[in-house]
file coords-v1.cif (mmCIF, C-alpha atoms)
data_work
loop_
_atom_site.label_atom_id
_atom_site.label_comp_id
_atom_site.auth_asym_id
_atom_site.auth_seq_id
_atom_site.Cartn_x
_atom_site.Cartn_y
_atom_site.Cartn_z
CA MET A 236 43.79 2.49 -10.16
CA LYS A 237 41.40 5.48 -10.16
CA ALA A 238 43.06 7.01 -13.23
CA LEU A 239 42.90 3.63 -14.95
CA LEU A 240 39.18 3.30 -14.21
CA ILE A 241 38.48 6.72 -15.72
CA ARG A 242 40.31 5.72 -18.88
CA LEU A 243 37.63 3.07 -19.46
CA TYR A 244 35.19 5.89 -20.29
CA PRO A 245 34.98 7.45 -23.79
CA THR A 246 37.20 10.48 -24.45
CA HIS A 247 34.33 12.95 -24.82
CA TRP A 248 32.84 11.70 -21.53
CA ARG A 249 36.18 12.22 -19.74
CA ALA A 250 36.45 15.71 -21.20
CA ARG A 251 33.06 16.61 -19.73
CA TYR A 252 32.94 14.68 -16.44
CA GLY A 253 36.52 13.46 -15.86
CA ASP A 254 37.69 16.03 -13.28
CA GLU A 255 34.61 15.94 -11.09
CA PHE A 256 34.39 12.15 -11.38
CA LEU A 257 38.01 11.77 -10.22
CA ALA A 258 37.31 14.17 -7.35
CA ILE A 259 34.47 11.87 -6.21
CA LEU A 260 36.65 8.76 -6.43
CA GLU A 261 39.22 10.47 -4.23
CA GLU A 262 36.64 11.12 -1.49
CA ARG A 263 36.55 7.55 -0.15
CA ALA A 264 38.15 4.11 -0.38
CA LEU A 265 36.96 2.11 -3.38
CA GLY A 266 35.79 -1.44 -2.78
CA PRO A 267 34.76 -4.23 -5.17
CA PHE A 268 31.23 -2.78 -5.35
CA ASP A 269 32.49 0.66 -6.44
CA VAL A 270 34.97 -0.70 -8.97
CA THR A 271 32.35 -3.01 -10.52
CA ASP A 272 29.86 -0.14 -10.65
CA ILE A 273 32.41 2.12 -12.37
CA ILE A 274 33.28 -0.60 -14.92
CA LEU A 275 29.56 -1.06 -15.65
CA GLY A 276 29.14 2.73 -15.87
CA ALA A 277 32.01 2.88 -18.38
CA LEU A 278 30.39 0.10 -20.43
CA ASP A 279 27.13 2.06 -20.37
CA ALA A 280 28.93 5.21 -21.59
CA GLN A 281 30.68 3.24 -24.35
CA PHE A 282 27.39 1.64 -25.48
CA ARG A 283 25.61 4.99 -25.45
CA LEU A 284 28.43 6.51 -27.50
CA ARG A 285 28.04 3.73 -30.08
CA ARG A 286 24.23 3.97 -29.98
CA LEU A 287 23.89 0.31 -28.90
CA GLY A 288 20.92 -1.02 -26.95
CA PRO A 289 17.19 -1.26 -27.54
CA ASP A 290 16.69 2.50 -27.73
CA PRO A 291 19.69 4.61 -28.72
CA SER A 292 18.44 7.81 -27.10
CA HIS A 293 18.12 6.39 -23.61
CA GLY A 294 18.87 2.66 -23.82
CA ARG A 295 18.95 0.49 -20.73
CA GLY A 296 22.25 0.69 -18.97
CA PHE A 297 24.17 -1.33 -16.42
CA THR A 298 24.38 -0.73 -12.71
CA MET A 299 25.70 -2.63 -9.69
CA SER A 300 23.24 -2.91 -6.84
CA LEU A 301 22.47 -4.70 -3.61
CA ARG A 302 19.68 -6.45 -5.52
CA ILE A 303 22.14 -8.08 -7.92
CA GLY A 304 24.46 -9.03 -5.05
CA GLY A 305 21.57 -10.43 -3.03
CA ALA A 306 20.22 -12.50 -5.92
CA ALA A 307 23.70 -13.84 -6.67
CA ALA A 308 24.16 -14.85 -3.02
CA MET A 309 20.82 -16.67 -3.04
CA ILE A 310 21.81 -18.57 -6.18
CA GLY A 311 25.48 -19.19 -5.39
CA ALA A 312 25.25 -20.64 -1.88
CA PRO A 313 22.67 -23.38 -2.71
CA LEU A 314 24.74 -24.33 -5.77
CA TRP A 315 27.82 -24.68 -3.55
CA SER A 316 25.94 -26.82 -1.05
CA ALA A 317 24.40 -28.92 -3.82
CA ALA A 318 27.91 -29.56 -5.18
CA PHE A 319 29.04 -30.90 -1.80
CA VAL A 320 25.93 -33.04 -1.34
CA ILE A 321 26.01 -34.49 -4.85
CA GLY A 322 29.77 -35.05 -4.56
CA SER A 323 29.30 -37.14 -1.38
CA ASP A 324 29.19 -40.94 -1.31
CA THR A 325 25.38 -40.87 -1.01
CA PHE A 326 25.10 -39.83 -4.66
CA ALA A 327 27.69 -42.24 -6.07
CA GLY A 328 25.71 -42.83 -9.28
CA VAL A 329 25.63 -39.15 -10.35
CA ASP A 330 27.76 -37.93 -13.28
CA PRO A 331 31.15 -37.13 -11.65
CA ARG A 332 31.32 -33.82 -13.55
CA ALA A 333 28.13 -32.52 -11.90
CA PRO A 334 29.68 -31.46 -8.55
CA PHE A 335 32.52 -29.68 -10.35
CA LEU A 336 30.13 -27.77 -12.58
CA LEU A 337 27.85 -26.85 -9.68
CA MET A 338 30.82 -25.69 -7.62
CA ILE A 339 32.19 -23.48 -10.43
CA ALA A 340 28.73 -21.99 -11.14
CA GLY A 341 28.20 -21.38 -7.42
CA SER A 342 31.64 -19.79 -7.07
CA LEU A 343 31.02 -17.41 -9.97
CA ALA A 344 27.68 -16.38 -8.45
CA LEU A 345 29.32 -15.82 -5.05
CA ILE A 346 31.98 -13.58 -6.64
CA VAL A 347 29.15 -11.39 -7.99
CA ALA A 348 27.57 -11.50 -4.54
CA LEU A 349 30.81 -10.44 -2.88
CA ALA A 350 31.05 -7.44 -5.22
CA GLY A 351 27.38 -6.49 -4.90
CA LEU A 352 27.14 -6.80 -1.12
CA SER A 353 30.45 -5.20 -0.12
CA ALA A 354 29.74 -1.49 -0.65
CA PHE A 355 29.49 -0.40 2.99
CA GLN A 356 32.06 -2.85 4.39
CA ALA A 357 34.70 -1.57 1.95
CA ARG A 358 34.44 1.96 3.33
CA VAL A 359 35.29 0.79 6.85
CA HIS A 360 37.44 -2.27 6.13
CA PRO A 361 38.80 -1.83 2.57
CA VAL A 362 41.64 -4.38 2.88
CA LEU A 363 39.39 -7.05 4.35
CA SER A 364 36.74 -6.39 1.69
CA TRP A 365 39.26 -6.64 -1.14
CA LEU A 366 40.68 -9.87 0.30
CA ALA A 367 37.13 -11.21 0.60
CA PHE A 368 36.65 -10.53 -3.11
CA ALA A 369 40.12 -11.43 -4.43
CA LEU A 370 40.54 -14.79 -2.67
CA PRO A 371 37.35 -16.34 -4.10
CA ALA A 372 38.24 -14.90 -7.52
CA ILE A 373 41.66 -16.62 -7.35
CA GLY A 374 40.08 -19.72 -5.77
CA THR A 375 37.55 -19.98 -8.59
CA VAL A 376 40.28 -19.80 -11.25
CA LEU A 377 42.23 -22.51 -9.41
CA SER A 378 39.06 -24.62 -9.08
CA LEU A 379 38.30 -24.15 -12.76
CA VAL A 380 41.81 -25.28 -13.77
CA GLY A 381 41.62 -28.14 -11.27
CA ALA A 382 38.20 -29.24 -12.51
CA ALA A 383 39.29 -29.10 -16.15
CA GLY A 384 42.49 -30.99 -15.31
CA THR A 385 40.59 -33.64 -13.36
CA ALA A 386 38.12 -34.10 -16.21
CA LEU A 387 40.89 -34.41 -18.80
CA SER A 388 43.60 -36.35 -16.99
CA GLY A 389 42.23 -37.92 -13.83
CA ASP A 390 42.71 -37.18 -10.14
CA GLY A 391 46.09 -35.47 -10.42
CA TYR A 392 44.40 -32.05 -10.50
CA PHE A 393 41.82 -32.72 -7.79
CA GLU A 394 44.07 -31.23 -5.09
CA LEU A 395 44.29 -28.01 -7.08
CA PHE A 396 40.50 -27.94 -7.39
CA PHE A 397 40.13 -28.53 -3.67
CA PHE A 398 42.73 -25.88 -2.80
CA GLY A 399 40.71 -23.44 -4.91
CA VAL A 400 37.58 -24.33 -2.95
CA LEU A 401 39.33 -23.75 0.37
CA THR A 402 40.71 -20.41 -0.88
CA SER A 403 37.17 -19.35 -1.79
CA LEU A 404 35.99 -20.37 1.68
CA VAL A 405 38.62 -18.13 3.29
CA GLY A 406 37.26 -15.27 1.16
CA SER A 407 33.74 -15.93 2.45
CA LEU A 408 35.12 -15.91 6.01
CA PHE A 409 36.75 -12.50 5.48
CA PHE A 410 33.48 -11.20 4.04
CA ALA A 411 31.58 -12.51 7.07
CA ILE A 412 34.04 -10.78 9.43
CA ALA A 413 33.87 -7.47 7.50
CA THR A 414 30.05 -7.60 7.41
CA TYR A 415 29.73 -8.43 11.10
CA ARG A 416 32.21 -5.72 12.15
CA THR A 417 30.56 -3.09 9.93
CA ALA A 418 27.12 -4.14 11.23
CA VAL A 419 25.44 -3.97 7.81
CA LEU A 420 22.96 -6.25 6.02
CA SER A 421 22.41 -8.99 8.63
CA ARG A 422 24.73 -9.61 11.58
CA PRO A 423 23.15 -13.03 12.34
CA GLY A 424 23.62 -13.90 8.67
CA ALA A 425 27.28 -12.85 8.82
CA LEU A 426 27.73 -14.87 12.01
CA LEU A 427 26.20 -17.98 10.44
CA LEU A 428 28.36 -17.54 7.35
CA GLY A 429 31.48 -17.16 9.51
CA VAL A 430 30.68 -20.30 11.52
CA GLY A 431 29.87 -22.21 8.33
CA THR A 432 33.16 -21.27 6.64
CA ILE A 433 35.25 -22.11 9.73
CA VAL A 434 33.58 -25.53 9.98
CA GLY A 435 34.07 -25.94 6.22
CA LEU A 436 37.78 -25.15 6.51
CA VAL A 437 38.17 -27.58 9.42
CA ALA A 438 36.23 -30.23 7.49
CA GLY A 439 38.42 -29.58 4.46
CA ASN A 440 41.42 -30.67 6.53
CA GLY A 441 39.66 -33.91 7.42
CA VAL A 442 39.21 -33.05 11.10
CA ALA A 443 35.42 -32.60 11.39
CA THR A 444 32.86 -35.37 11.63
CA GLU A 445 30.24 -35.85 8.94
CA LEU A 446 27.54 -34.36 11.16
CA LEU A 447 29.65 -31.27 11.82
CA THR A 448 30.34 -30.91 8.10
CA VAL A 449 26.60 -30.98 7.34
CA ALA A 450 25.99 -28.42 10.09
CA GLY A 451 28.71 -26.19 8.60
CA LEU A 452 27.18 -26.49 5.15
CA ILE A 453 23.77 -25.53 6.50
CA CYS A 454 25.24 -22.51 8.35
CA PHE A 455 27.15 -21.44 5.22
CA THR A 456 24.05 -21.64 3.01
CA LEU A 457 21.70 -20.02 5.53
CA GLY A 458 24.21 -17.24 6.19
CA TRP A 459 24.46 -16.33 2.51
CA LEU A 460 20.67 -16.62 2.09
CA MET A 461 20.03 -14.29 5.02
CA LEU A 462 22.50 -11.73 3.66
CA GLY A 463 20.97 -12.02 0.19
CA VAL A 464 17.38 -11.62 1.38
CA ARG A 465 18.32 -8.63 3.53
CA ALA A 466 20.13 -6.95 0.61
CA ILE A 467 17.13 -7.39 -1.68
CA ARG A 468 14.79 -6.01 0.98
CA ILE A 469 16.96 -2.93 1.51
CA ASP A 470 17.13 -2.35 -2.24
CA GLY A 471 13.40 -2.90 -2.71
CA THR A 472 12.38 -0.40 -0.07
CA ALA A 473 14.87 2.27 -1.14
CA VAL A 474 12.41 4.72 -2.69
CA ALA A 475 9.70 4.07 -0.14
CA ARG A 476 11.99 4.90 2.78
CA ARG A 477 13.14 8.19 1.25
CA PRO A 478 11.08 11.08 2.64
CA ALA A 479 9.40 12.85 -0.32
CA MET B 282 2.83 16.10 -19.53
CA GLU B 283 5.35 13.62 -20.94
CA ARG B 284 6.73 11.29 -18.27
CA ARG B 285 10.49 11.28 -18.73
CA ILE B 286 12.00 9.36 -15.85
CA PRO B 287 10.47 5.92 -16.65
CA GLU B 288 12.29 6.08 -19.99
CA PHE B 289 15.64 5.92 -18.22
CA GLY B 290 15.47 2.13 -17.99
CA ARG B 291 17.67 0.78 -15.21
CA PHE B 292 18.57 4.36 -14.22
CA ALA B 293 14.97 5.44 -13.56
CA GLU B 294 15.21 4.82 -9.82
CA PRO B 295 18.67 6.39 -9.32
CA SER B 296 17.46 9.34 -11.42
CA LEU B 297 14.43 9.82 -9.22
CA LEU B 298 16.58 9.63 -6.07
CA ILE B 299 18.99 12.21 -7.52
CA LEU B 300 16.13 14.58 -8.39
CA VAL B 301 14.75 14.23 -4.86
CA SER B 302 18.21 14.92 -3.44
CA LEU B 303 18.50 18.10 -5.54
CA SER B 304 15.01 19.27 -4.57
CA ASP B 305 16.33 21.15 -1.52
CA GLY B 306 19.14 22.93 -3.39
CA PRO B 307 22.21 22.40 -5.60
CA LYS B 308 24.65 19.64 -4.65
CA HIS B 309 27.84 18.18 -6.11
CA GLY B 310 28.14 14.49 -6.96
CA TYR B 311 29.59 13.25 -3.68
CA ALA B 312 26.98 15.13 -1.65
CA ILE B 313 24.23 13.57 -3.79
CA MET B 314 25.68 10.08 -3.17
CA GLN B 315 25.81 10.69 0.58
CA ASP B 316 22.30 12.13 0.60
CA VAL B 317 20.85 9.18 -1.31
CA GLU B 318 22.70 6.65 0.85
CA SER B 319 21.66 8.22 4.13
CA GLY B 320 18.05 8.55 2.93
CA THR B 321 17.63 5.05 1.51
CA GLY B 322 20.23 2.94 3.35
CA ARG B 323 21.30 1.71 -0.06
CA PRO B 324 24.71 2.33 -1.68
CA MET B 325 25.00 4.37 -4.86
CA GLY B 326 28.18 3.84 -6.88
CA ALA B 327 29.90 6.63 -8.79
CA GLY B 328 29.30 4.78 -12.07
CA THR B 329 25.54 4.69 -11.51
CA LEU B 330 25.50 8.30 -10.29
CA TYR B 331 27.21 9.70 -13.37
CA ALA B 332 25.27 7.50 -15.81
CA ALA B 333 22.07 8.92 -14.30
CA LEU B 334 23.43 12.50 -14.10
CA ALA B 335 24.38 12.39 -17.80
CA ARG B 336 20.87 11.27 -18.76
CA LEU B 337 19.19 13.87 -16.54
CA GLU B 338 21.40 16.64 -17.92
CA GLU B 339 20.80 15.47 -21.50
CA ARG B 340 17.05 15.70 -20.91
CA GLY B 341 17.31 19.16 -19.36
CA LEU B 342 16.01 18.03 -15.95
CA ILE B 343 19.18 19.21 -14.16
CA GLU B 344 21.91 21.68 -15.05
CA PRO B 345 25.55 22.00 -13.99
CA LEU B 346 26.84 25.03 -12.11
CA PRO B 347 30.45 26.31 -12.23
CA PRO B 348 32.80 23.89 -10.42
CA VAL B 349 34.18 24.65 -6.96
CA ASP B 350 37.54 22.93 -6.30
CA ARG B 351 36.92 20.30 -9.03
CA ARG B 352 33.49 19.54 -7.53
CA ARG B 353 30.69 20.57 -9.85
CA PRO B 354 27.31 21.24 -8.25
CA TYR B 355 24.09 20.42 -10.09
CA ARG B 356 20.65 21.94 -9.64
CA LEU B 357 17.13 21.14 -10.76
CA THR B 358 15.80 23.02 -13.78
CA ALA B 359 12.20 24.26 -13.83
CA VAL B 360 11.32 21.32 -16.08
CA GLY B 361 13.10 18.95 -13.68
CA ALA B 362 11.22 20.31 -10.67
CA SER B 363 7.89 19.98 -12.46
CA ASP B 364 8.75 16.47 -13.65
CA LEU B 365 9.81 15.43 -10.14
CA ALA B 366 6.59 16.80 -8.64
CA GLU B 367 4.58 14.82 -11.18
CA GLN B 368 6.52 11.63 -10.39
CA LEU B 369 6.08 12.07 -6.64
CA ARG B 370 2.33 12.74 -7.02
CA GLY B 371 2.06 9.55 -9.06
CA LEU B 372 3.95 7.55 -6.42
CA SER B 373 1.85 9.09 -3.67
CA GLN B 374 -1.41 8.18 -5.43
CA LEU B 375 -0.15 4.64 -5.97
CA ALA B 376 0.85 4.35 -2.30
CA GLN B 377 -2.53 5.65 -1.13
CA GLN B 378 -4.38 3.26 -3.42
CA GLY B 379 -2.29 0.33 -2.20
CA LEU B 380 -2.81 1.25 1.46
CA ARG B 381 -6.55 1.69 0.89
CA GLN B 382 -6.79 -1.75 -0.73
CA LEU B 383 -4.83 -3.28 2.16
CA GLY B 384 -7.12 -1.58 4.66
CA GLU B 385 -4.13 0.19 6.18
CA PRO B 386 -4.41 3.73 7.61
CA GLN B 387 -3.37 6.40 5.11
CA PRO B 388 -1.10 9.35 5.92
#
call {"tool": "encode", "arguments": {"input": "coords-v1.cif", "output": "C-alpha cells"}}
result
Amino acid sequence: MKALLIRLYPTHWRARYGDEFLAILEERALGPFDVTDIILGALDAQFRLRRLGPDPSHGRGFTMSLRIGGAAAMIGAPLWSAAFVIGSDTFAGVDPRAPFLLMIAGSLALIVALAGLSAFQARVHPVLSWLAFALPAIGTVLSLVGAAGTALSGDGYFELFFFGVLTSLVGSLFFAIATYRTAVLSRPGALLLGVGTIVGLVAGNGVATELLTVAGLICFTLGWLMLGVRAIRIDGTAVARRPA
Amino acid sequence: MERRIPEFGRFAEPSLLILVSLSDGPKHGYAIMQDVESGTGRPMGAGTLYAALARLEERGLIEPLPPVDRRRPYRLTAVGASDLAEQLRGLSQLAQQGLRQLGEPQP
C-alpha cells in the first residue's frame, strides 16, 4: 500500500522526495488518518504541479487534522440522532426521505471524523482503527444503496439500509474501544460512545425499551461531541503549547 | 522584512512548527514529526510534513543535507532562522498584548 500511495504523487516529486518519504512511511503503522493525509498531500502536489489554486506560487493546500475530524464528529453525530428522532413515530408527518438523507449525511461526516481522529489510536491498535474506519465506510455504502432502493421500490431495501446502519454502529464501537485503550482525546467521551453504540446495537435487534434507546442515542451523540470538542481544543492550542 | 510563513496558507502552522523543530539542529522527516507531536500533542501526517517541507525548501528557509540511510536531514538556513525569530517575536508580542488585556500575569 505504501508504494501505491507514493505513486499518487507527481513523478518529479517522487524523484526528489520519494526515497525519504518511503523511509518515513516504513517507520510506523499507517492508519486512516495517515493515509488520508498522504492522499491530500498528493493532491496538493498535483495541484501545485499544475499551478491550480488561488495563488500558483504558494496556493492553499490540503491537510488532514484533528480540527477537521473534530468538526466532522460534531456535525455527524447530531445528524445521526436527528435521523433517528425524525424517523420515529412521533414525527409521522415528516417527509419519509428526510431520515434517510440525514442518516447518510451523518454517516459521511462520521467517516471523516473516524479518519481525522484516529491518528494516535492507529499507532497502538492499527487493526482496530482500520476496522473502525472500514466498517462505517461499508455500512454507509450499504445504507446508501438501501435508501435509494427504498425510495425507488418500497420497503424491500429497508433491511439493507438498516444493516448498513448497524455495521456503521459496530465501527463506532471499535473506534470507542481503540480510543479508550489508547487513552487519547477524551476517555469519558470514548466510554459514552461505547455505551451508546452497544445500546444502539441492542435496540437495533428490538430488545431495548424506548427509554433505553433514547438513552443510548444521547450517549452516542454526547460521546462523539466530547471527542470532537477535545480534538478541536488540542488542535487549537498546538502552537501555544509548543515551547518557543 | 517580508513575512513569508503566513503566505503558506493551510501549511503556515505546520511550517512554523517545523521551523521551531529545526531550531535546535538538523533533523530528518520522522524526527521532525515526532518532535512536533511530542511538543504539541497533535498528530502530523507525512503528507502535511512533506507539503510544508517542499514549500519551506522552495522559499530557501530550510535546506536538505546529504541523506543517511535513506533519511534526509534538513536544517534551517540563515534566512529561515531570521524569519522564524521574527515570527516568534510577533507571536510573543501578540500573546503579551492578549494577556495584558485579560489582566493576566505576563511571563
call {"tool": "interface_residues", "arguments": {"input": "coords-v1.cif", "of": "chain B", "to": "chain A", "cutoff": "8 Å", "atoms": "all atoms listed in the file", "output": "list in words"}}
result
Glu288, Phe289, Gly290, Arg291, Phe292, Glu294, Leu298, Val301, Gly310, Tyr311, Gly320, Thr321, Gly322, Arg323, Pro324, Met325, Gly326, Ala327, Gly328, Thr329, Tyr331, Ala332, Arg336, Arg351, Arg352, Arg353 and Leu369 of chain B
call {"tool": "residues_around", "arguments": {"input": "coords-v1.cif", "residues": "A:Pro361", "least_positions_apart": "3", "cutoff": "9 Å", "atoms": "all atoms listed in the file", "output": "VMD selection string"}}
result
chain A and resid 264 to 266 356 to 358 364 to 366 413
call {"tool": "write_last_selection", "arguments": {"input": "coords-v1.cif", "atoms": "C-alpha atoms", "output": "PDB file, in the coordinates of the input"}}
result
ATOM      1  CA  ALA A 264      38.150   4.110  -0.380  1.00  0.00           C
ATOM      2  CA  LEU A 265      36.960   2.110  -3.380  1.00  0.00           C
ATOM      3  CA  GLY A 266      35.790  -1.440  -2.780  1.00  0.00           C
ATOM      4  CA  GLN A 356      32.060  -2.850   4.390  1.00  0.00           C
ATOM      5  CA  ALA A 357      34.700  -1.570   1.950  1.00  0.00           C
ATOM      6  CA  ARG A 358      34.440   1.960   3.330  1.00  0.00           C
ATOM      7  CA  SER A 364      36.740  -6.390   1.690  1.00  0.00           C
ATOM      8  CA  TRP A 365      39.260  -6.640  -1.140  1.00  0.00           C
ATOM      9  CA  LEU A 366      40.680  -9.870   0.300  1.00  0.00           C
ATOM     10  CA  ALA A 413      33.870  -7.470   7.500  1.00  0.00           C
TER      11      ALA A 413
END
call {"tool": "atom_distance", "arguments": {"input": "coords-v1.cif", "atom1": "atom CA of A:Val347", "atom2": "atom CA of A:Ala308"}}
result
7.8 Å
call {"tool": "residues_around", "arguments": {"input": "coords-v1.cif", "residues": "B:Ala362", "least_positions_apart": "6", "cutoff": "10 Å", "atoms": "all atoms listed in the file", "output": "number ranges by chain"}}
result
B: 300-301, 303-304, 342-343, 356, 368
call {"tool": "residues_near_point", "arguments": {"input": "coords-v1.cif", "point": "(11.7, 17.4, -12.8)", "cutoff": "9 Å", "atoms": "only C-alpha atoms", "output": "mmCIF file with C-alpha atoms, in the frame of the given file"}}
result
data_model
loop_
_atom_site.group_PDB
_atom_site.id
_atom_site.type_symbol
_atom_site.label_atom_id
_atom_site.label_comp_id
_atom_site.auth_asym_id
_atom_site.auth_seq_id
_atom_site.Cartn_x
_atom_site.Cartn_y
_atom_site.Cartn_z
ATOM 1 C CA ARG B 285 10.490 11.280 -18.730
ATOM 2 C CA ILE B 286 12.000 9.360 -15.850
ATOM 3 C CA LEU B 297 14.430 9.820 -9.220
ATOM 4 C CA LEU B 300 16.130 14.580 -8.390
ATOM 5 C CA GLY B 341 17.310 19.160 -19.360
ATOM 6 C CA LEU B 342 16.010 18.030 -15.950
ATOM 7 C CA ILE B 343 19.180 19.210 -14.160
ATOM 8 C CA LEU B 357 17.130 21.140 -10.760
ATOM 9 C CA THR B 358 15.800 23.020 -13.780
ATOM 10 C CA ALA B 359 12.200 24.260 -13.830
ATOM 11 C CA VAL B 360 11.320 21.320 -16.080
ATOM 12 C CA GLY B 361 13.100 18.950 -13.680
ATOM 13 C CA ALA B 362 11.220 20.310 -10.670
ATOM 14 C CA SER B 363 7.890 19.980 -12.460
ATOM 15 C CA ASP B 364 8.750 16.470 -13.650
ATOM 16 C CA LEU B 365 9.810 15.430 -10.140
ATOM 17 C CA ALA B 366 6.590 16.800 -8.640
ATOM 18 C CA GLU B 367 4.580 14.820 -11.180
ATOM 19 C CA GLN B 368 6.520 11.630 -10.390
#
call {"tool": "atom_distance", "arguments": {"input": "coords-v1.cif", "atom1": "atom CA of B:Ala293", "atom2": "atom CA of B:Gly379"}}
result
21.3 Å
call {"tool": "axis_aligned_box", "arguments": {"input": "coords-v1.cif", "around": "stretch 339-350 of chain A", "padding_each_side": "8 Å", "output": "lines of an AutoDock Vina configuration file"}}
result
center_x = 29.9
center_y = -15.5
center_z = -7.0
size_x = 20.6
size_y = 32.0
size_z = 24.3
call {"tool": "closest_residue", "arguments": {"input": "coords-v1.cif", "among": "B:Lys308, B:Ser296, B:Gly371, B:Ser319", "to": "B:Pro354", "atoms": "all atoms listed in the file"}}
result
B:Lys308
call {"tool": "residues_near_point", "arguments": {"input": "coords-v1.cif", "point": "(34.7, -26.2, 7.3)", "cutoff": "10 Å", "atoms": "all atoms listed in the file", "output": "list in words"}}
result
Leu401, Leu404, Val405, Gly429, Val430, Gly431, Thr432, Ile433, Val434, Gly435, Leu436, Val437, Ala438, Gly439, Asn440, Gly441, Val442, Ala443, Leu447, Thr448, Val449, Ala450, Gly451, Leu452 and Phe455 of chain A
call {"tool": "resolve_selection", "arguments": {"input": "coords-v1.cif", "expression": "the PyMOL selection byres ((chain A and resi 338) around 10)", "output": "MDAnalysis selection string"}}
result
chainID A and resid 311:319 322 333:337 339:344 375 378:379 382 396 400
call {"tool": "atom_distance", "arguments": {"input": "coords-v1.cif", "atom1": "atom CA of A:Ser323", "atom2": "atom CA of A:Leu408"}}
result
23.2 Å
call {"tool": "closest_residue", "arguments": {"input": "coords-v1.cif", "among": "B:Pro307, B:Pro345, B:Gly384, B:Pro295", "to": "B:Ala333", "atoms": "all atoms listed in the file"}}
result
B:Pro295
call {"tool": "residues_around", "arguments": {"input": "coords-v1.cif", "residues": "A:Val464", "least_positions_apart": "2", "cutoff": "8 Å", "atoms": "all atoms listed in the file", "output": "list of chain:residue names"}}
result
A:Gly305, A:Ala306, A:Met309, A:Leu460, A:Met461, A:Leu462, A:Ala466, A:Ile467, A:Arg468
